[in-house]
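A.B. asks: Have a look at this one before I ask anything.
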Amino acid sequence: VHLVESGGGLVQAGGSLRLSCKASGMILSEFSGATMEWHRQAPGKQGELVAAITSADTNYAESVKGRFTITRDKNRRTVDLQMNSLNVEDTAVYYCHIVSASTRHYWGQGTQVTVSS
């Protein structure tokens, strides 16, 4: 299984970006029962769990509630993060993390999100 992230880039404050993470090679049963997360790491700051989704629930960090939305598509094996109303504090490298139904951990390579003021 290989996670491939896309969608990062440079955006002005107030703008939007959509990140996508594709779990190549993951079978449906592993994906359907998985916990999927987006984390971020900003320079000089502690890593942060931004959003998580399972088959039953979604959860968000307080810092992104109401602005970010995590979704998943089992047929495409993707987990996306729609980020709206971005601000400079959202600048970070964003990582996709999947814990499969069999509790195997997978991480993406990271994608840079830079928000300019």
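Here, A, B, ... name the chains of the structure tokens in the order displayed, residue numbers run from 1 inside each chain, and ligands are numbered from 1 in the same displayed order.
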Can you pull out every residue within 8 Å of Phe31 of chain A, counting only C-alpha atoms, but drop anything in the same chain fewer than 5 positions away, and send it as a list in words?

C.D. replies: Met26, Lys74, Arg77, Ser100 and Ala101 of chain A

A.B. asks: Any chance you could list, as a ChimeraX atom specification, the residues in segment 49-115 of chain A that come up strand (DSSP E or B) when DSSP is run on the backbone?

C.D. replies: /A:49-53,58-60,68-73,78-83,92-99,105-107,111-115

A.B. asks: Have a look at A:Thr54, A:Gln12, A:Ser116, A:Gln109 and name the one nearest to Glu30 of chain A; count only C-alpha atoms.

C.D. replies: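 Looking only at the distances to Glu30 of chain A, the closest residue turns out to be A:Thr54.
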
A.B. asks: For a quick check of understanding, using only C-alpha atoms, which of A:Thr78, A:Ser16, A:Ser85, A:Thr69 has the smallest distance to His97 of chain A?

C.D. replies: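 Using only C-alpha atoms, His97 of chain A sits closest to A:Thr78.
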
A.B. asks: Give me, as a VMD selection string, all polymer residues having an atom no more than 10 Å from Tyr95 of chain A, counting only C-alpha atoms and skipping those fewer than 5 positions away in the same chain.

C.D. replies: chain A and resid 3 to 5 19 21 37 to 41 49 to 50 107 to 112

A.B. asks: Between A:Thr35, A:Gln82, A:Ser117, A:Thr91, single out the one closest to Arg104 of chain A, counting only C-alpha atoms.

C.D. replies: A:Thr35

A.B. asks: Extract, using only C-alpha atoms, all DNA, RNA and protein residues at most 7 Å from Asn84 of chain A, discarding same-chain residues fewer than 5 positions from it, and format them as JSON, numbers by chain.

C.D. replies: {"A": [15, 16, 17, 67, 68]}

A.B. asks: As a ChimeraX atom specification, please: every residue in segment 3-115 of chain A that DSSP puts in helix (DSSP H, G or I).

C.D. replies: /A:28-32,88-90

A.B. asks: I need the chosen residues saved as a PDB file, in the first residue's frame, with N, CA and C atoms.

C.D. replies:
ATOM      1  N   LEU A  28     -10.640  -3.046  -0.486  1.00  0.00           N
ATOM      2  CA  LEU A  28     -11.819  -2.349  -0.002  1.00  0.00           C
ATOM      3  C   LEU A  28     -12.082  -2.594   1.483  1.00  0.00           C
ATOM      4  N   SER A  29     -11.965  -3.821   1.922  1.00  0.00           N
ATOM      5  CA  SER A  29     -12.269  -4.123   3.324  1.00  0.00           C
ATOM      6  C   SER A  29     -11.307  -3.404   4.268  1.00  0.00           C
ATOM      7  N   GLU A  30     -10.058  -3.293   3.868  1.00  0.00           N
ATOM      8  CA  GLU A  30      -9.081  -2.571   4.679  1.00  0.00           C
ATOM      9  C   GLU A  30      -9.404  -1.083   4.716  1.00  0.00           C
ATOM     10  N   PHE A  31      -9.817  -0.553   3.587  1.00  0.00           N
ATOM     11  CA  PHE A  31     -10.131   0.871   3.507  1.00  0.00           C
ATOM     12  C   PHE A  31     -11.424   1.186   4.255  1.00  0.00           C
ATOM     13  N   SER A  32     -12.436   0.371   4.060  1.00  0.00           N
ATOM     14  CA  SER A  32     -13.742   0.655   4.666  1.00  0.00           C
ATOM     15  C   SER A  32     -13.684   0.667   6.184  1.00  0.00           C
ATOM     16  N   VAL A  88      -2.694  32.347   7.768  1.00  0.00           N
ATOM     17  CA  VAL A  88      -1.248  32.075   7.755  1.00  0.00           C
ATOM     18  C   VAL A  88      -0.875  30.999   8.766  1.00  0.00           C
ATOM     19  N   GLU A  89      -1.697  30.852   9.821  1.00  0.00           N
ATOM     20  CA  GLU A  89      -1.411  29.823  10.825  1.00  0.00           C
ATOM     21  C   GLU A  89      -1.661  28.409  10.301  1.00  0.00           C
ATOM     22  N   ASP A  90      -2.285  28.300   9.147  1.00  0.00           N
ATOM     23  CA  ASP A  90      -2.508  26.984   8.538  1.00  0.00           C
ATOM     24  C   ASP A  90      -1.308  26.529   7.708  1.00  0.00           C
TER      25      ASP A  90
END

A.B. asks: Out of A:Val113, A:Asp80, A:Ile98, A:Gly47, which residue has the shortest atom-to-atom distance to Val1 of chain A when counting only C-alpha atoms?

C.D. replies: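 Result for the nearest residue to Val1 of chain A: A:Ile98.
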
A.B. asks: Rank nothing, just name the residue among A:Asn59, A:Ser20, A:Ser102, A:Gln46 nearest to Arg72 of chain A, using only C-alpha atoms.

C.D. replies: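 Selected residue with least distance to Arg72 of chain A: A:Ser20.
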
A.B. asks: So that I can check the surroundings of Val99 of chain A, please list as a list in words every protein, DNA and RNA residue that reaches within 7 Å of it, counting only C-alpha atoms and ignoring chain neighbours fewer than 3 positions away.

C.D. replies: Ala34, Thr35, Met36, Thr103, Arg104, His105 and Tyr106 of chain A
